[in-house]
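> Next comes my_file_15.cif, mmCIF, C-alpha atoms:
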data_entry
#
loop_
_atom_site.label_atom_id
_atom_site.label_comp_id
_atom_site.auth_asym_id
_atom_site.auth_seq_id
_atom_site.Cartn_x
_atom_site.Cartn_y
_atom_site.Cartn_z
CA MET A 176 -3.89 28.21 47.47
CA ASN A 177 -2.11 31.54 47.07
CA VAL A 178 -2.20 33.06 50.55
CA LYS A 179 -1.42 36.61 49.40
CA THR A 180 -4.80 36.82 47.63
CA VAL A 181 -6.70 36.38 50.90
CA GLY A 182 -5.36 39.57 52.47
CA CYS A 183 -6.09 41.62 49.35
CA LEU A 184 -9.71 40.47 49.02
CA PHE A 185 -10.37 40.87 52.74
CA PHE A 186 -9.13 44.46 52.78
CA ARG A 187 -11.15 45.43 49.70
CA SER A 188 -14.28 43.97 51.29
CA LEU A 189 -13.86 46.25 54.31
CA CYS A 190 -13.43 49.40 52.21
CA PRO A 191 -16.69 49.80 50.21
CA CYS A 192 -16.05 53.46 49.39
CA TYR A 193 -13.58 52.75 46.58
CA THR A 194 -14.40 53.93 43.07
CA TYR A 195 -12.74 51.58 40.61
CA VAL A 196 -11.28 53.26 37.55
CA THR A 197 -9.79 51.40 34.60
CA LEU A 198 -6.17 52.31 33.92
CA PRO A 199 -5.30 51.08 30.42
CA LEU A 200 -2.34 53.43 29.99
CA ARG A 201 0.15 55.22 32.17
CA SER A 202 -0.91 58.81 32.68
CA PRO A 203 1.74 61.50 32.16
CA CYS A 204 0.05 63.78 34.67
CA ARG A 205 1.54 64.27 38.10
CA GLY A 206 -1.06 64.29 40.81
CA HIS A 207 -4.28 66.25 41.16
CA ARG A 208 -4.97 69.54 42.87
CA GLN A 209 -1.35 69.87 43.88
CA ASN A 210 0.83 72.94 44.14
CA THR A 211 3.27 72.79 41.21
CA SER A 212 5.98 74.34 43.35
CA GLN A 213 5.97 71.31 45.67
CA PRO A 214 6.44 67.61 44.87
CA PRO A 215 3.10 65.73 44.71
CA GLN A 216 2.23 63.85 47.89
CA HIS A 217 1.71 60.61 45.95
CA ASP A 218 4.90 60.90 43.87
CA ARG A 219 6.55 58.00 45.72
CA ARG A 220 3.40 55.92 45.29
CA ALA A 221 3.23 56.69 41.58
CA GLN A 222 6.84 55.66 41.08
CA ARG A 223 6.22 52.30 42.72
CA SER A 224 3.02 51.50 40.85
CA GLY A 225 3.93 53.09 37.52
CA PHE A 226 0.85 55.29 37.12
CA SER A 227 -0.56 58.66 38.20
CA PRO A 228 -4.14 59.97 38.16
CA ALA A 229 -5.20 62.65 35.74
CA ALA A 230 -4.87 66.24 36.97
CA LEU A 231 -8.66 66.76 37.29
CA SER A 232 -9.51 63.29 38.58
CA LYS A 233 -12.25 63.11 41.22
CA TYR A 234 -11.90 59.41 42.00
CA ASP A 235 -9.57 57.00 43.75
CA TRP A 236 -7.26 55.41 41.18
CA ILE A 237 -6.55 51.68 41.39
CA GLY A 238 -3.64 50.41 39.33
CA PRO A 239 -2.57 47.03 37.97
CA PRO A 240 -1.30 44.35 40.39
CA ASP A 241 2.19 44.99 41.69
CA ARG A 242 4.86 42.65 40.31
CA LEU A 243 6.03 41.53 43.76
CA SER A 244 3.11 41.89 46.18
CA ASN A 245 0.35 41.09 43.64
CA LEU A 246 -1.75 43.82 45.29
CA ARG A 247 -3.33 46.63 43.30
CA PRO A 248 -1.92 50.00 44.43
CA ILE A 249 -4.34 52.83 45.20
CA ILE A 250 -3.85 56.57 44.87
CA TYR A 251 -6.54 58.26 46.89
CA HIS A 252 -8.42 61.28 45.59
CA ILE A 253 -7.72 64.49 47.49
CA PRO A 254 -11.12 66.19 47.75
CA GLU A 255 -11.56 69.91 47.40
CA ASN A 256 -11.65 71.67 50.79
CA GLU A 257 -10.36 68.51 52.48
CA THR A 258 -10.87 68.71 56.23
CA PRO A 259 -8.18 67.68 58.74
CA LEU A 260 -10.31 64.64 59.63
CA GLU A 261 -10.61 63.59 55.99
CA ARG A 262 -6.88 64.08 55.54
CA LYS A 263 -6.21 61.89 58.57
CA LEU A 264 -8.41 59.14 57.09
CA ARG A 265 -6.73 59.37 53.69
CA HIS A 266 -3.25 59.17 55.22
CA LEU A 267 -4.24 56.20 57.39
CA ARG A 268 -5.65 54.31 54.44
CA GLN A 269 -2.53 55.03 52.38
CA GLU A 270 -0.26 53.94 55.24
CA THR A 271 -2.25 50.71 55.52
CA GLU A 272 -1.89 50.09 51.80
CA ASP A 273 1.87 50.63 51.99
CA TRP A 274 2.19 48.39 55.06
CA ASN A 275 0.21 45.65 53.34
CA HIS A 276 2.29 45.95 50.17
CA LYS A 277 5.53 45.69 52.14
CA PHE A 278 4.39 42.60 54.04
CA TRP A 279 3.29 40.65 50.97
CA THR A 280 6.32 41.71 48.97
CA ASN A 281 8.64 40.27 51.61
CA GLN A 282 6.45 37.21 52.09
CA ASN A 283 6.25 36.41 48.38
CA ILE A 284 9.98 36.86 47.86
CA THR A 285 10.66 34.47 50.75
CA PHE A 286 8.09 31.99 49.43
CA SER A 287 9.56 31.98 45.91
CA LYS A 288 13.12 31.61 47.19
CA GLU A 289 12.33 28.72 49.54
CA LYS A 290 10.17 27.04 46.91
CA GLU A 291 13.01 27.10 44.39
CA GLU A 292 15.45 25.75 46.98
CA TYR A 293 13.05 22.92 47.84
CA VAL A 294 12.57 21.95 44.19
CA GLN A 295 16.31 21.96 43.57
CA SER A 296 17.00 19.81 46.65
CA GLN A 297 14.34 17.26 45.65
CA LEU A 298 15.65 17.02 42.09
CA LYS A 299 19.20 16.63 43.36
CA ALA A 300 18.13 13.86 45.74
CA LYS A 301 16.64 12.00 42.76
CA GLY A 302 19.77 12.49 40.71
CA PHE A 303 18.04 14.79 38.21
CA SER A 304 19.39 17.99 36.72
CA GLU A 305 17.36 21.19 36.69
CA ARG A 306 16.34 20.65 33.04
CA ASP A 307 15.49 17.58 31.02
CA GLU A 308 16.95 16.45 27.69
CA GLN A 309 14.73 18.89 25.77
CA GLY A 310 15.88 21.80 27.92
CA ARG A 311 12.59 22.10 29.76
CA LYS A 312 12.62 22.91 33.46
CA ARG A 313 11.75 19.89 35.56
CA LYS A 314 8.79 20.06 37.93
CA LEU A 315 7.78 18.11 41.00
CA SER A 316 4.43 16.39 41.38
CA SER A 317 1.48 17.97 43.20
CA GLU A 318 1.98 15.58 46.11
CA GLU A 319 5.64 16.55 46.44
CA MET A 320 4.85 20.27 46.31
CA ALA A 321 2.09 19.81 48.89
CA VAL A 322 4.79 18.84 51.39
CA PHE A 323 6.55 22.16 50.83
CA TYR A 324 3.33 24.20 51.02
CA LYS A 325 2.37 22.64 54.35
CA HIS A 326 5.88 23.13 55.73
CA PHE A 327 5.93 26.78 54.65
CA LEU A 328 2.54 27.53 56.20
CA ASP A 329 3.42 25.72 59.44
CA LYS A 330 6.71 27.61 59.71
CA ASN A 331 5.01 30.97 59.15
CA VAL A 332 1.87 30.37 61.20
CA LYS A 333 2.89 32.87 63.91
CA ARG A 334 3.88 35.45 61.31
CA HIS A 335 0.53 35.11 59.55
CA ALA A 336 -1.36 35.26 62.85
CA SER A 337 0.47 38.45 63.78
CA TYR A 338 -0.32 39.90 60.35
CA ASN A 339 -4.01 39.08 60.73
CA ARG A 340 -4.19 40.76 64.15
CA GLU A 341 -2.53 43.88 62.81
CA TRP A 342 -4.78 43.75 59.75
CA TYR A 343 -7.91 43.72 61.92
CA ARG A 344 -6.55 46.59 64.00
CA HIS A 345 -5.82 48.71 60.92
CA ASN A 346 -9.25 48.12 59.41
CA PHE A 347 -11.12 48.64 62.68
CA THR A 348 -9.42 52.02 63.09
CA ILE A 349 -10.18 52.95 59.48
CA THR A 350 -13.83 51.94 59.86
CA LEU A 351 -14.26 54.09 62.97
CA LEU A 352 -12.60 57.04 61.28
CA MET A 353 -14.79 56.61 58.18
CA ALA A 354 -17.88 56.74 60.41
CA GLU A 355 -16.56 59.87 62.09
CA VAL A 356 -15.96 61.53 58.70
CA ALA A 357 -19.48 60.59 57.53
CA LEU A 358 -21.03 62.08 60.68
CA HIS A 359 -18.94 65.22 60.27
CA LYS A 360 -20.09 65.62 56.65
CA THR A 361 -23.72 65.13 57.67
CA TRP A 362 -23.39 67.75 60.39
CA ARG A 363 -21.83 70.24 57.97
CA MET A 364 -24.70 69.71 55.54
CA LEU A 365 -27.34 70.17 58.24
CA THR A 366 -25.71 73.34 59.53
CA GLY A 367 -25.10 74.71 56.03
CA GLN A 368 -21.34 74.94 56.42
CA GLY A 369 -20.76 73.18 53.11
CA ARG A 370 -22.95 75.66 51.23
CA ARG A 371 -21.22 78.62 52.86
CA THR A 372 -17.84 77.24 51.86
CA SER A 373 -18.98 76.93 48.23
CA ARG A 374 -20.34 80.48 48.18
CA GLU A 375 -17.14 81.85 49.71
CA LYS A 376 -15.11 80.07 47.04
CA GLY A 377 -17.33 81.53 44.32
CA LYS A 378 -16.81 85.04 45.64
CA SER A 379 -13.06 84.58 45.85
CA THR A 380 -12.90 83.53 42.20
#
Write out the structure in this file as structure tokens.


Amino acid sequence: MNVKTVGCLFFRSLCPCYTYVTLPLRSPCRGHRQNTSQPPQHDRRAQRSGFSPAALSKYDWIGPPDRLSNLRPIIYHIPENETPLERKLRHLRQETEDWNHKFWTNQNITFSKEKEEYVQSQLKAKGFSERDEQGRKRKLSSEEMAVFYKHFLDKNVKRHASYNREWYRHNFTITLLMAEVALHKTWRMLTGQGRRTSREKGKST
């Protein structure tokens, strides 16, 4: 089983507010609702994932799986009249995405490297070269690879446990902040603050 998939699916299940948008092509636009005199806040994110949302996008953008972490990067929509609380939530979610990407990138690189070393050592012990007479790369049996998988998981059990604890902490904090944002929005609607903000914007334009 590919352990990196578990973390991705678990995180998505705890964040039901995503709007999934298909990204068939790389967008040439740089950010949305950004001051052109300043670099977009998600510029670094766009460079890593290879895509940027359209200038007038009103949704979170989810890109193709990253080559190393296998996680889909997210660029979060910056709503109009974003409150400090909403900005705090957006930044926390983005920081969690980046932390998760970094962990699985390092973990997958380590896994691939140790897997290749294990295969090479087993082939060498059997007196086989890396490739057969037809030039095809030799492979070990499922039973032989199962030994490596178990060894890798056992060796990294503390690392994975630490990751899971941190993962729960991140998502618990995000969930609480999402509830706080929802309550704040409800209060603004009940008190008419949202309508006043829209009218003030209309007068200013």

> Using the chain letters and numbers from this file, what does the PyMOL selection byres ((chain A and resi 277) around 12) select? Give the answer as an MDAnalysis selection string.

chainID A and resid 179 223 241 243:246 248 270:276 278:284 338

> Could you tell me which residues the PyMOL selection byres ((chain A and resi 317-320) around 9) grabs in this file, written as a ChimeraX atom specification?

/A:290,293-294,297,315-316,321-325

> For C-alpha atoms, I'd like the residues from the last selection saved as an mmCIF file, in the coordinates of the input.


data_model
loop_
_atom_site.group_PDB
_atom_site.id
_atom_site.type_symbol
_atom_site.label_atom_id
_atom_site.label_comp_id
_atom_site.auth_asym_id
_atom_site.auth_seq_id
_atom_site.Cartn_x
_atom_site.Cartn_y
_atom_site.Cartn_z
ATOM 1 C CA LYS A 290 10.170 27.040 46.910
ATOM 2 C CA TYR A 293 13.050 22.920 47.840
ATOM 3 C CA VAL A 294 12.570 21.950 44.190
ATOM 4 C CA GLN A 297 14.340 17.260 45.650
ATOM 5 C CA LEU A 315 7.780 18.110 41.000
ATOM 6 C CA SER A 316 4.430 16.390 41.380
ATOM 7 C CA ALA A 321 2.090 19.810 48.890
ATOM 8 C CA VAL A 322 4.790 18.840 51.390
ATOM 9 C CA PHE A 323 6.550 22.160 50.830
ATOM 10 C CA TYR A 324 3.330 24.200 51.020
ATOM 11 C CA LYS A 325 2.370 22.640 54.350
#

> Which residues would end up in the selection if the PyMOL selection byres ((chain A and resi 256-266) around 8) were applied here, given that I need the answer as a list in words?

Tyr251, Ile253, Pro254, Glu255, Leu267, Arg268, Gln269, Glu270, Ile349, Leu352, Met353 and Val356 of chain A

> Could you state the separation of atom CA of Lys314 of chain A and atom CA of Leu298 of chain A in Å, given to one decimal place?

8.6 Å

> How far is it from atom CA of Gly238 of chain A to atom CA of Asn331 of chain A, in Å with one decimal?

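Distance between the two atoms: 29.1 Å.
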
> One number please: atom CA of Phe327 of chain A to atom CA of Thr285 of chain A, in Å, one decimal.

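That distance, rounded to one decimal, is 9.8 Å.
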
> Smallest atom-to-atom distance to Lys233 of chain A: which of A:His252, A:Asn339, A:Arg247, A:Lys330, using only C-alpha atoms?

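Once distances to Lys233 of chain A are computed over only C-alpha atoms, the minimum belongs to A:His252.
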
> Would you mind writing segment 316-331 of chain A with N, CA, C and O atoms, as a tab-separated table (two decimals), in the coordinates of the input?


chain	number	residue	atom	x	y	z
A	316	SER	N	5.85	16.74	41.40
A	316	SER	CA	4.43	16.39	41.38
A	316	SER	C	3.66	17.23	42.39
A	316	SER	O	4.24	17.86	43.29
A	317	SER	N	2.34	17.23	42.27
A	317	SER	CA	1.48	17.97	43.20
A	317	SER	C	1.65	17.47	44.62
A	317	SER	O	1.65	18.25	45.58
A	318	GLU	N	1.80	16.15	44.78
A	318	GLU	CA	1.98	15.58	46.11
A	318	GLU	C	3.29	16.03	46.74
A	318	GLU	O	3.34	16.35	47.93
A	319	GLU	N	4.34	16.10	45.93
A	319	GLU	CA	5.64	16.55	46.44
A	319	GLU	C	5.61	18.03	46.82
A	319	GLU	O	6.18	18.43	47.84
A	320	MET	N	4.94	18.85	46.01
A	320	MET	CA	4.85	20.27	46.31
A	320	MET	C	3.96	20.53	47.52
A	320	MET	O	4.17	21.51	48.25
A	321	ALA	N	2.97	19.65	47.74
A	321	ALA	CA	2.09	19.81	48.89
A	321	ALA	C	2.88	19.74	50.20
A	321	ALA	O	2.54	20.40	51.19
A	322	VAL	N	3.94	18.94	50.20
A	322	VAL	CA	4.79	18.84	51.39
A	322	VAL	C	5.44	20.19	51.68
A	322	VAL	O	5.50	20.63	52.84
A	323	PHE	N	5.92	20.84	50.64
A	323	PHE	CA	6.55	22.16	50.83
A	323	PHE	C	5.53	23.19	51.30
A	323	PHE	O	5.80	23.97	52.21
A	324	TYR	N	4.34	23.22	50.66
A	324	TYR	CA	3.33	24.20	51.02
A	324	TYR	C	2.94	24.08	52.49
A	324	TYR	O	2.81	25.09	53.20
A	325	LYS	N	2.74	22.85	52.94
A	325	LYS	CA	2.37	22.64	54.35
A	325	LYS	C	3.50	23.09	55.27
A	325	LYS	O	3.25	23.74	56.30
A	326	HIS	N	4.73	22.76	54.91
A	326	HIS	CA	5.88	23.13	55.73
A	326	HIS	C	6.01	24.66	55.80
A	326	HIS	O	6.26	25.22	56.88
A	327	PHE	N	5.80	25.32	54.68
A	327	PHE	CA	5.93	26.78	54.65
A	327	PHE	C	4.85	27.44	55.52
A	327	PHE	O	5.14	28.38	56.28
A	328	LEU	N	3.62	26.96	55.40
A	328	LEU	CA	2.54	27.53	56.20
A	328	LEU	C	2.74	27.26	57.69
A	328	LEU	O	2.50	28.13	58.53
A	329	ASP	N	3.17	26.05	58.04
A	329	ASP	CA	3.42	25.72	59.44
A	329	ASP	C	4.53	26.59	60.03
A	329	ASP	O	4.44	27.06	61.16
A	330	LYS	N	5.58	26.81	59.23
A	330	LYS	CA	6.71	27.61	59.71
A	330	LYS	C	6.34	29.07	59.89
A	330	LYS	O	6.90	29.76	60.75
A	331	ASN	N	5.38	29.55	59.11
A	331	ASN	CA	5.01	30.97	59.15
A	331	ASN	C	3.68	31.21	59.85
A	331	ASN	O	3.11	32.31	59.71
